[in-house]
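upload-v6.pdb follows; it contains PDB, C-alpha atoms.
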ATOM      1  CA  MET V   1       0.000   0.000   0.000
ATOM      2  CA  PRO V   2       1.357   3.461  -0.793
ATOM      3  CA  HIS V   3       2.427   5.603   2.141
ATOM      4  CA  THR V   4       0.288   8.639   2.835
ATOM      5  CA  ILE V   5       1.770  11.880   4.137
ATOM      6  CA  THR V   6      -0.369  13.614   6.694
ATOM      7  CA  VAL V   7      -0.127  17.402   6.453
ATOM      8  CA  PRO V   8      -1.009  19.226   9.683
ATOM      9  CA  SER V   9      -4.016  21.395   9.323
ATOM     10  CA  GLU V  10      -3.756  25.148   9.652
ATOM     11  CA  LYS V  11      -5.610  24.975  12.967
ATOM     12  CA  ALA V  12      -3.177  22.391  14.396
ATOM     13  CA  MET V  13      -0.193  24.483  13.340
ATOM     14  CA  LEU V  14      -1.738  27.558  14.918
ATOM     15  CA  GLU V  15      -2.334  25.702  18.178
ATOM     16  CA  ARG V  16       1.255  24.409  18.164
ATOM     17  CA  ASP V  17       2.625  27.904  17.594
ATOM     18  CA  THR V  18       0.398  29.221  20.367
ATOM     19  CA  ARG V  19       1.663  26.607  22.833
ATOM     20  CA  HIS V  20       5.259  27.333  21.847
ATOM     21  CA  SER V  21       4.728  31.075  22.279
ATOM     22  CA  THR V  22       3.060  30.504  25.666
ATOM     23  CA  ARG V  23       5.998  28.392  26.873
ATOM     24  CA  LYS V  24       8.436  31.106  25.785
ATOM     25  CA  LYS V  25       6.458  33.763  27.636
ATOM     26  CA  ILE V  26       6.303  31.657  30.784
ATOM     27  CA  LEU V  27      10.044  30.956  30.612
ATOM     28  CA  LYS V  28      10.782  34.649  30.085
ATOM     29  CA  LEU V  29       8.538  35.530  33.030
ATOM     30  CA  VAL V  30      10.343  33.028  35.264
ATOM     31  CA  VAL V  31      13.721  34.458  34.218
ATOM     32  CA  TYR V  32      12.549  38.020  34.925
ATOM     33  CA  ILE V  33      11.221  37.015  38.342
ATOM     34  CA  PHE V  34      14.489  35.267  39.204
ATOM     35  CA  LEU V  35      16.620  38.221  38.054
ATOM     36  CA  THR V  36      14.396  40.670  39.919
ATOM     37  CA  ALA V  37      14.662  38.641  43.127
ATOM     38  CA  TYR V  38      18.427  38.333  42.657
ATOM     39  CA  SER V  39      18.723  42.104  42.176
ATOM     40  CA  ILE V  40      16.688  42.797  45.298
ATOM     41  CA  VAL V  41      18.852  40.430  47.351
ATOM     42  CA  ASN V  42      21.996  42.238  46.171
ATOM     43  CA  LEU V  43      20.620  45.767  46.460
ATOM     44  CA  PHE V  44      19.010  45.320  49.866
ATOM     45  CA  PRO V  45      22.269  45.569  51.914
ATOM     46  CA  ILE V  46      23.199  48.791  50.089
ATOM     47  CA  LEU V  47      19.750  50.267  50.596
ATOM     48  CA  TRP V  48      19.774  49.166  54.251
ATOM     49  CA  MET V  49      23.165  50.804  54.816
ATOM     50  CA  PHE V  50      22.079  54.006  53.065
ATOM     51  CA  MET V  51      18.823  54.165  55.016
ATOM     52  CA  ASN V  52      20.464  53.669  58.410
ATOM     53  CA  SER V  53      23.228  56.175  57.657
ATOM     54  CA  PHE V  54      20.667  58.955  58.206
ATOM     55  CA  LYS V  55      19.407  57.671  61.575
ATOM     56  CA  SER V  56      20.449  58.611  65.059
ATOM     57  CA  ASP V  57      22.073  55.917  67.197
ATOM     58  CA  ASP V  58      18.922  55.685  69.334
ATOM     59  CA  ALA V  59      16.668  55.250  66.305
ATOM     60  CA  PHE V  60      19.026  52.601  64.918
ATOM     61  CA  SER V  61      19.004  50.642  68.182
ATOM     62  CA  GLN V  62      15.195  50.728  68.287
ATOM     63  CA  SER V  63      14.731  49.329  64.771
ATOM     64  CA  VAL V  64      17.289  48.546  62.100
ATOM     65  CA  LEU V  65      14.638  48.094  59.407
ATOM     66  CA  ALA V  66      12.423  51.114  60.013
ATOM     67  CA  TRP V  67      12.604  54.070  57.646
ATOM     68  CA  PRO V  68      14.314  57.083  59.311
ATOM     69  CA  LYS V  69      11.812  59.495  60.811
ATOM     70  CA  GLN V  70      14.398  62.269  60.852
ATOM     71  CA  TRP V  71      17.123  62.470  58.222
ATOM     72  CA  LEU V  72      20.413  63.337  59.948
ATOM     73  CA  PHE V  73      22.867  64.618  57.347
ATOM     74  CA  ALA V  74      25.199  65.425  60.227
ATOM     75  CA  ASN V  75      26.248  61.757  60.220
ATOM     76  CA  TYR V  76      27.988  62.324  56.898
ATOM     77  CA  ALA V  77      29.797  65.418  58.122
ATOM     78  CA  GLU V  78      30.925  63.520  61.219
ATOM     79  CA  ALA V  79      32.047  60.523  59.170
ATOM     80  CA  TRP V  80      33.937  62.812  56.783
ATOM     81  CA  ARG V  81      35.749  64.399  59.734
ATOM     82  CA  VAL V  82      36.468  61.255  61.742
ATOM     83  CA  ALA V  83      37.673  59.161  58.792
ATOM     84  CA  LYS V  84      39.534  62.091  57.169
ATOM     85  CA  LEU V  85      37.858  61.130  53.920
ATOM     86  CA  GLY V  86      38.803  64.364  52.161
ATOM     87  CA  LEU V  87      42.506  63.470  52.224
ATOM     88  CA  TYR V  88      42.039  59.720  51.860
ATOM     89  CA  PHE V  89      39.642  60.067  48.935
ATOM     90  CA  SER V  90      42.243  62.036  46.973
ATOM     91  CA  ASN V  91      44.942  59.473  47.802
ATOM     92  CA  SER V  92      42.740  56.564  46.746
ATOM     93  CA  MET V  93      41.744  58.313  43.518
ATOM     94  CA  ILE V  94      45.352  59.096  42.569
ATOM     95  CA  ILE V  95      46.564  55.579  43.360
ATOM     96  CA  GLY V  96      43.535  53.809  41.908
ATOM     97  CA  VAL V  97      43.321  55.789  38.661
ATOM     98  CA  LEU V  98      47.057  55.622  37.912
ATOM     99  CA  ALA V  99      47.208  51.909  38.725
ATOM    100  CA  VAL V 100      44.206  51.138  36.524
ATOM    101  CA  LEU V 101      45.521  53.325  33.696
ATOM    102  CA  PHE V 102      48.922  51.626  33.536
ATOM    103  CA  THR V 103      47.445  48.170  34.138
ATOM    104  CA  VAL V 104      45.036  48.490  31.223
ATOM    105  CA  LEU V 105      47.611  50.152  28.967
ATOM    106  CA  LEU V 106      50.331  47.556  29.580
ATOM    107  CA  GLY V 107      47.809  44.718  29.591
ATOM    108  CA  ALA V 108      46.290  45.832  26.282
ATOM    109  CA  PHE V 109      49.700  46.061  24.579
ATOM    110  CA  ALA V 110      50.769  42.652  25.887
ATOM    111  CA  SER V 111      47.418  41.088  24.995
ATOM    112  CA  TYR V 112      47.556  42.483  21.463
ATOM    113  CA  PHE V 113      50.876  40.808  20.714
ATOM    114  CA  LEU V 114      49.961  37.599  22.524
ATOM    115  CA  ALA V 115      46.625  37.305  20.724
ATOM    116  CA  ARG V 116      47.384  38.566  17.204
ATOM    117  CA  PHE V 117      51.030  37.568  16.571
ATOM    118  CA  ARG V 118      52.908  34.280  16.430
ATOM    119  CA  PHE V 119      56.391  34.110  17.923
ATOM    120  CA  LYS V 120      58.640  31.780  19.880
ATOM    121  CA  HIS V 121      57.605  31.007  23.477
ATOM    122  CA  GLN V 122      54.277  32.784  22.942
ATOM    123  CA  THR V 123      52.295  30.166  24.860
ATOM    124  CA  LYS V 124      54.839  30.060  27.685
ATOM    125  CA  ILE V 125      54.697  33.831  28.143
ATOM    126  CA  TYR V 126      50.894  33.772  28.172
ATOM    127  CA  ASN V 127      50.856  30.920  30.701
ATOM    128  CA  TYR V 128      53.357  32.847  32.826
ATOM    129  CA  PHE V 129      50.949  35.766  33.084
ATOM    130  CA  VAL V 130      47.905  33.554  33.685
ATOM    131  CA  PHE V 131      49.771  31.673  36.416
ATOM    132  CA  GLY V 132      49.838  34.940  38.348
ATOM    133  CA  MET V 133      46.108  34.562  39.001
ATOM    134  CA  LEU V 134      46.848  31.452  41.073
ATOM    135  CA  ILE V 135      49.184  33.275  43.468
ATOM    136  CA  PRO V 136      47.463  34.570  46.634
ATOM    137  CA  ILE V 137      48.576  38.185  46.620
ATOM    138  CA  HIS V 138      48.667  38.515  50.412
ATOM    139  CA  ALA V 139      51.175  35.659  50.595
ATOM    140  CA  THR V 140      53.646  38.040  48.936
ATOM    141  CA  LEU V 141      53.097  40.809  51.465
ATOM    142  CA  VAL V 142      56.178  40.136  53.619
ATOM    143  CA  PRO V 143      58.623  39.682  50.682
ATOM    144  CA  LEU V 144      57.140  42.778  49.058
ATOM    145  CA  PHE V 145      57.572  44.764  52.269
ATOM    146  CA  ILE V 146      61.247  43.740  52.491
ATOM    147  CA  LEU V 147      61.831  44.514  48.801
ATOM    148  CA  GLU V 148      60.256  47.967  48.962
ATOM    149  CA  ASN V 149      62.153  48.718  52.156
ATOM    150  CA  LYS V 150      65.456  47.968  50.407
ATOM    151  CA  LEU V 151      64.428  50.021  47.367
ATOM    152  CA  HIS V 152      63.237  52.914  49.596
ATOM    153  CA  MET V 153      59.812  52.840  47.972
ATOM    154  CA  GLN V 154      57.729  52.820  51.144
ATOM    155  CA  ASN V 155      55.537  55.749  52.101
ATOM    156  CA  SER V 156      54.976  56.851  48.530
ATOM    157  CA  TYR V 157      52.279  56.437  45.916
ATOM    158  CA  LEU V 158      54.554  54.042  44.023
ATOM    159  CA  SER V 159      54.621  51.665  46.988
ATOM    160  CA  LEU V 160      50.993  50.828  46.196
ATOM    161  CA  ILE V 161      50.731  51.627  42.486
ATOM    162  CA  VAL V 162      53.458  49.170  41.433
ATOM    163  CA  PRO V 163      52.009  46.141  43.325
ATOM    164  CA  TYR V 164      48.497  46.988  42.140
ATOM    165  CA  ILE V 165      49.724  47.006  38.523
ATOM    166  CA  ALA V 166      51.633  43.752  38.957
ATOM    167  CA  PHE V 167      48.731  41.872  40.517
ATOM    168  CA  GLY V 168      46.195  43.377  38.119
ATOM    169  CA  LEU V 169      47.999  42.340  34.937
ATOM    170  CA  PRO V 170      47.211  38.568  35.045
ATOM    171  CA  ILE V 171      43.424  38.907  35.036
ATOM    172  CA  THR V 172      43.664  41.836  32.598
ATOM    173  CA  ILE V 173      45.741  39.892  30.074
ATOM    174  CA  PHE V 174      43.608  36.766  30.511
ATOM    175  CA  ILE V 175      40.405  38.641  29.653
ATOM    176  CA  LEU V 176      41.827  40.794  26.846
ATOM    177  CA  VAL V 177      43.661  37.945  25.095
ATOM    178  CA  SER V 178      40.520  35.799  25.098
ATOM    179  CA  PHE V 179      38.537  38.669  23.599
ATOM    180  CA  MET V 180      41.109  39.777  20.994
ATOM    181  CA  LYS V 181      41.553  36.230  19.689
ATOM    182  CA  SER V 182      37.933  36.249  18.516
ATOM    183  CA  PHE V 183      38.555  39.019  15.949
ATOM    184  CA  SER V 184      38.708  38.080  12.283
ATOM    185  CA  LYS V 185      42.091  38.248  10.580
ATOM    186  CA  ASP V 186      40.431  39.932   7.594
ATOM    187  CA  ILE V 187      40.252  43.192   9.538
ATOM    188  CA  GLU V 188      44.022  43.402  10.000
ATOM    189  CA  GLU V 189      44.718  42.236   6.465
ATOM    190  CA  SER V 190      42.522  45.017   5.079
ATOM    191  CA  ALA V 191      44.235  47.567   7.327
ATOM    192  CA  ILE V 192      47.697  46.386   6.236
ATOM    193  CA  MET V 193      46.675  46.742   2.577
ATOM    194  CA  ASP V 194      45.669  50.334   3.392
ATOM    195  CA  GLY V 195      49.154  51.008   4.763
ATOM    196  CA  CYS V 196      48.519  50.680   8.519
ATOM    197  CA  GLY V 197      51.306  49.462  10.760
ATOM    198  CA  PRO V 198      50.921  47.304  13.892
ATOM    199  CA  LEU V 199      50.600  50.274  16.266
ATOM    200  CA  ARG V 200      48.060  52.029  14.045
ATOM    201  CA  ILE V 201      46.027  48.828  13.830
ATOM    202  CA  PHE V 202      46.179  48.506  17.618
ATOM    203  CA  TRP V 203      45.088  52.081  18.389
ATOM    204  CA  SER V 204      42.526  52.547  15.616
ATOM    205  CA  ILE V 205      40.998  49.078  15.233
ATOM    206  CA  ILE V 206      41.789  46.533  17.938
ATOM    207  CA  LEU V 207      41.490  48.876  20.918
ATOM    208  CA  PRO V 208      38.056  50.335  19.984
ATOM    209  CA  MET V 209      36.733  46.864  19.231
ATOM    210  CA  SER V 210      37.981  45.638  22.614
ATOM    211  CA  MET V 211      35.932  48.151  24.601
ATOM    212  CA  PRO V 212      33.677  45.510  26.236
ATOM    213  CA  SER V 213      36.667  43.657  27.680
ATOM    214  CA  ILE V 214      38.521  46.878  28.525
ATOM    215  CA  ALA V 215      35.505  48.189  30.418
ATOM    216  CA  THR V 216      35.365  44.889  32.284
ATOM    217  CA  VAL V 217      39.005  44.964  33.369
ATOM    218  CA  VAL V 218      38.747  48.643  34.347
ATOM    219  CA  ILE V 219      35.828  47.856  36.640
ATOM    220  CA  ILE V 220      37.551  44.806  38.148
ATOM    221  CA  ASN V 221      40.876  46.561  38.753
ATOM    222  CA  PHE V 222      39.342  49.765  40.090
ATOM    223  CA  ILE V 223      37.180  47.898  42.592
ATOM    224  CA  ASN V 224      40.135  45.779  43.725
ATOM    225  CA  ASN V 225      42.412  48.791  44.118
ATOM    226  CA  TRP V 226      39.770  50.932  45.807
ATOM    227  CA  ASN V 227      38.889  48.281  48.391
ATOM    228  CA  GLU V 228      42.414  46.948  49.005
ATOM    229  CA  PHE V 229      43.360  47.140  52.690
ATOM    230  CA  SER V 230      46.304  44.877  53.594
ATOM    231  CA  PHE V 231      48.924  46.342  51.266
ATOM    232  CA  ALA V 232      47.910  49.886  52.156
ATOM    233  CA  LEU V 233      48.111  49.056  55.855
ATOM    234  CA  VAL V 234      51.577  47.475  55.709
ATOM    235  CA  LEU V 235      53.338  49.417  52.952
ATOM    236  CA  VAL V 236      52.156  52.918  53.919
ATOM    237  CA  SER V 237      52.699  54.304  57.406
ATOM    238  CA  ASN V 238      52.556  58.010  56.552
ATOM    239  CA  PRO V 239      49.096  59.286  57.635
ATOM    240  CA  ASP V 240      49.049  61.729  54.710
ATOM    241  CA  LEU V 241      49.244  58.860  52.182
ATOM    242  CA  LYS V 242      46.641  56.499  53.609
ATOM    243  CA  THR V 243      43.673  55.377  51.521
ATOM    244  CA  VAL V 244      39.923  55.213  52.126
ATOM    245  CA  PRO V 245      39.816  51.672  53.607
ATOM    246  CA  LEU V 246      42.380  52.753  56.197
ATOM    247  CA  GLY V 247      40.356  55.879  56.911
ATOM    248  CA  LEU V 248      37.258  53.801  57.560
ATOM    249  CA  SER V 249      39.225  51.827  60.137
ATOM    250  CA  ASN V 250      39.418  55.030  62.205
ATOM    251  CA  PHE V 251      35.912  54.243  63.393
ATOM    252  CA  VAL V 252      37.262  51.314  65.397
ATOM    253  CA  GLY V 253      37.723  52.412  68.982
ATOM    254  CA  GLN V 254      36.018  55.543  70.177
ATOM    255  CA  TYR V 255      33.295  55.312  67.513
ATOM    256  CA  THR V 256      32.805  51.550  67.554
ATOM    257  CA  THR V 257      29.196  51.834  68.767
ATOM    258  CA  SER V 258      28.290  54.630  66.331
ATOM    259  CA  TYR V 259      27.017  52.340  63.618
ATOM    260  CA  THR V 260      25.161  55.114  61.816
ATOM    261  CA  THR V 261      28.341  57.168  61.409
ATOM    262  CA  GLN V 262      30.161  54.104  60.125
ATOM    263  CA  MET V 263      27.415  53.479  57.593
ATOM    264  CA  ALA V 264      27.621  57.081  56.429
ATOM    265  CA  GLY V 265      31.346  56.633  55.819
ATOM    266  CA  LEU V 266      30.799  53.327  54.014
ATOM    267  CA  THR V 267      28.106  54.901  51.848
ATOM    268  CA  MET V 268      30.451  57.692  50.770
ATOM    269  CA  ALA V 269      33.209  55.164  50.064
ATOM    270  CA  LEU V 270      30.805  53.206  47.839
ATOM    271  CA  ILE V 271      29.873  56.170  45.628
ATOM    272  CA  PRO V 272      33.017  56.196  43.386
ATOM    273  CA  VAL V 273      32.651  52.473  42.688
ATOM    274  CA  ILE V 274      29.018  52.939  41.642
ATOM    275  CA  ILE V 275      29.910  55.927  39.452
ATOM    276  CA  VAL V 276      32.684  54.010  37.661
ATOM    277  CA  PHE V 277      30.412  51.041  37.057
ATOM    278  CA  LEU V 278      27.515  53.159  35.758
ATOM    279  CA  CYS V 279      29.803  55.102  33.413
ATOM    280  CA  LEU V 280      31.398  51.988  31.934
ATOM    281  CA  GLU V 281      28.225  49.915  31.812
ATOM    282  CA  SER V 282      27.113  51.826  28.721
ATOM    283  CA  TYR V 283      30.477  51.176  27.059
ATOM    284  CA  LEU V 284      29.969  47.455  27.603
ATOM    285  CA  VAL V 285      26.802  47.506  25.497
ATOM    286  CA  LYS V 286      28.121  49.941  22.889
ATOM    287  CA  GLY V 287      31.401  48.058  22.598
ATOM    288  CA  MET V 288      29.636  44.752  22.068
ATOM    289  CA  THR V 289      27.622  46.260  19.212
ATOM    290  CA  ALA V 290      30.553  48.103  17.644
ATOM    291  CA  GLY V 291      32.845  45.090  17.949
ATOM    292  CA  ALA V 292      30.499  42.623  16.297
ATOM    293  CA  VAL V 293      32.097  41.187  13.177
ATOM    294  CA  LYS V 294      30.249  39.138  10.607
ATOM    295  CA  GLY V 295      32.397  36.793   8.599
TER     296      GLY V 295
END
Kindly transcribe the structure held in the file into structure tokens.
Amino acid sequence: MPHTITVPSEKAMLERDTRHSTRKKILKLVVYIFLTAYSIVNLFPILWMFMNSFKSDDAFSQSVLAWPKQWLFANYAEAWRVAKLGLYFSNSMIIGVLAVLFTVLLGAFASYFLARFRFKHQTKIYNYFVFGMLIPIHATLVPLFILENKLHMQNSYLSLIVPYIAFGLPITIFILVSFMKSFSKDIEESAIMDGCGPLRIFWSIILPMSMPSIATVVIINFINNWNEFSFALVLVSNPDLKTVPLGLSNFVGQYTTSYTTQMAGLTMALIPVIIVFLCLESYLVKGMTAGAVKG
């Protein structure tokens, strides 16, 4: 008997498409609910800290979850004075910005040659940098202290900038090399035919296309440098060169029980990190669009 081919009716196809569309909507709704809950869980501690930074100590002791009845901006003035945040903010900005700038610049150059060129011991050099991510940085604190003492580098901006650059390069090179390897060779070949040299290709083509990864490493390195405490505590003893994390430690002692003042100081210390992230978040999206290459 000849085989018969059953063609689904238009109604059956419509019902199938409707079920498929309904499943997609339900899945999207579940994802949105999960992401919303995850965002709330992460934002709640920040909101809680910000809310309690405006309370008096009595109001905080009565309820840590209640909204402040009276907004005390004096907590911020007191935190600014006690933690000496004016001086320490400038120190942290100078150290953090310079360290990030040189880390990204050196890391981008190294990543460009490791990702786009072929030379002897290329893999070994790349593995050497990546191996740095496995080293616990605080295990090097004592040798680094002895080395900087012999080189007379202590109590200077360089005493922190140099270690921050060194320990920021492994993750920077790892991310940038992985991203730059995904670019098509046709781009460079076209640029070479137009008379561009390696440096011109790097500055005009590779670097702009790498903006998503560059924004990522800037955020990672800035947060690490801004929040770093141990190196700043050991390598810098001059009070005029201390950073924000060391300034926040001034609350320990006389102001240990003044939780609201501490939260005001922590809130102010969090602002630069949020600003950097919000500024670079747009570059992540724009860079992904601008760097898309269709073969």
Ile125 of chain V surroundings by only C-alpha atoms, 12 Å radius, close-in-sequence under 4 positions cut, as number ranges by chain: V: 110-111, 113-115, 118-121, 129-132, 170, 173-174
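When atom CA of Ile219 of chain V is paired with atom CA of Leu233 of chain V, their separation reads 22.8 Å.
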Separation of atom CA of Ser53 of chain V from atom CA of Trp71 of chain V in Å: 8.8 Å
Radius query 9 Å about (50.9, 55.7, 39.0), atoms used: all atoms listed in the file, as a list of chain:residue names: V:Ile94, V:Ile95, V:Gly96, V:Val97, V:Leu98, V:Ala99, V:Val100, V:Leu101, V:Phe102, V:Tyr157, V:Leu158, V:Leu160, V:Ile161, V:Val162, V:Ile165
Point-to-point distance in Å for atom CA of Asn224 of chain V and atom CA of Gly107 of chain V: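 Going from atom CA of Gly107 of chain V over to atom CA of Asn224 of chain V, I get 16.1 Å.
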Pick from V:Leu169, V:Ser249, V:Ile187, V:Ser230, whichever lies nearest to Ala139 of chain V using all atoms listed in the file: V:Ser230
Residue nearest Ile206 of chain V - candidates V:Val142, V:Leu147, V:Ile192, V:Met180, atoms counted: only C-alpha atoms: V:Met180
Shell of 8 Å around Gln262 of chain V, all atoms listed in the file, local chain residues under 6 positions omitted, as number ranges by chain: V: 53, 79, 248, 251
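Each of V:Tyr283, V:Phe60, V:Tyr259, V:Phe229 was compared to Tyr164 of chain V using all atoms listed in the file, and V:Phe229 turns out to be the nearest.
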Selection result of the PyMOL selection byres ((chain V and resi 181) around 10) on this file, as a list in words: Ser111, Tyr112, Leu114, Ala115, Arg116, Leu176, Val177, Ser178, Phe179, Met180, Ser182, Phe183, Ser184 and Lys185 of chain V
From V:Ser204, V:Ser156, V:Asn225, V:Thr216, residue lying nearest Pro239 of chain V [all atoms listed in the file]: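 Of V:Ser204, V:Ser156, V:Asn225, V:Thr216, the one nearest Pro239 of chain V, counting all atoms listed in the file, is V:Ser156.
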Answer key for the PyMOL selection byres ((chain V and resi 65) around 12), residues as an MDAnalysis selection string: chainID V and resid 44:45 47:53 55 59:64 66:69
From V:Ile223, V:Val218, V:Leu29, V:Met193, residue lying nearest Leu280 of chain V [only C-alpha atoms]: V:Val218
Nearest-residue call for Asn75 of chain V, choices V:Thr172, V:Ser56, V:Asn149, V:Ser282, using only C-alpha atoms: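 Using only C-alpha atoms, the shortest distance to Asn75 of chain V belongs to V:Ser56.
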Spatial neighbours of Ile175 of chain V, max dist 8 Å, only C-alpha atoms, sep filter under 4 positions, as number ranges by chain: V: 171, 179, 213, 217
Filtering to C-alpha atoms, could you give me those residues as a short mmCIF file (atom, residue, chain, number, x, y, z; two decimals), keeping the file's coordinate frame?
data_model
loop_
_atom_site.label_atom_id
_atom_site.label_comp_id
_atom_site.auth_asym_id
_atom_site.auth_seq_id
_atom_site.Cartn_x
_atom_site.Cartn_y
_atom_site.Cartn_z
CA ILE V 171 43.42 38.91 35.04
CA PHE V 179 38.54 38.67 23.60
CA SER V 213 36.67 43.66 27.68
CA VAL V 217 39.01 44.96 33.37
#
Report, as JSON, the centre and edge lengths in Å (one decimal) of the axis-aligned box enclosing every listed atom of segment 135-151 of chain V, padded by 8 Å on each side.
{"center_x": 56.5, "center_y": 41.6, "center_z": 48.5, "size_x": 34.0, "size_y": 32.7, "size_z": 26.2}
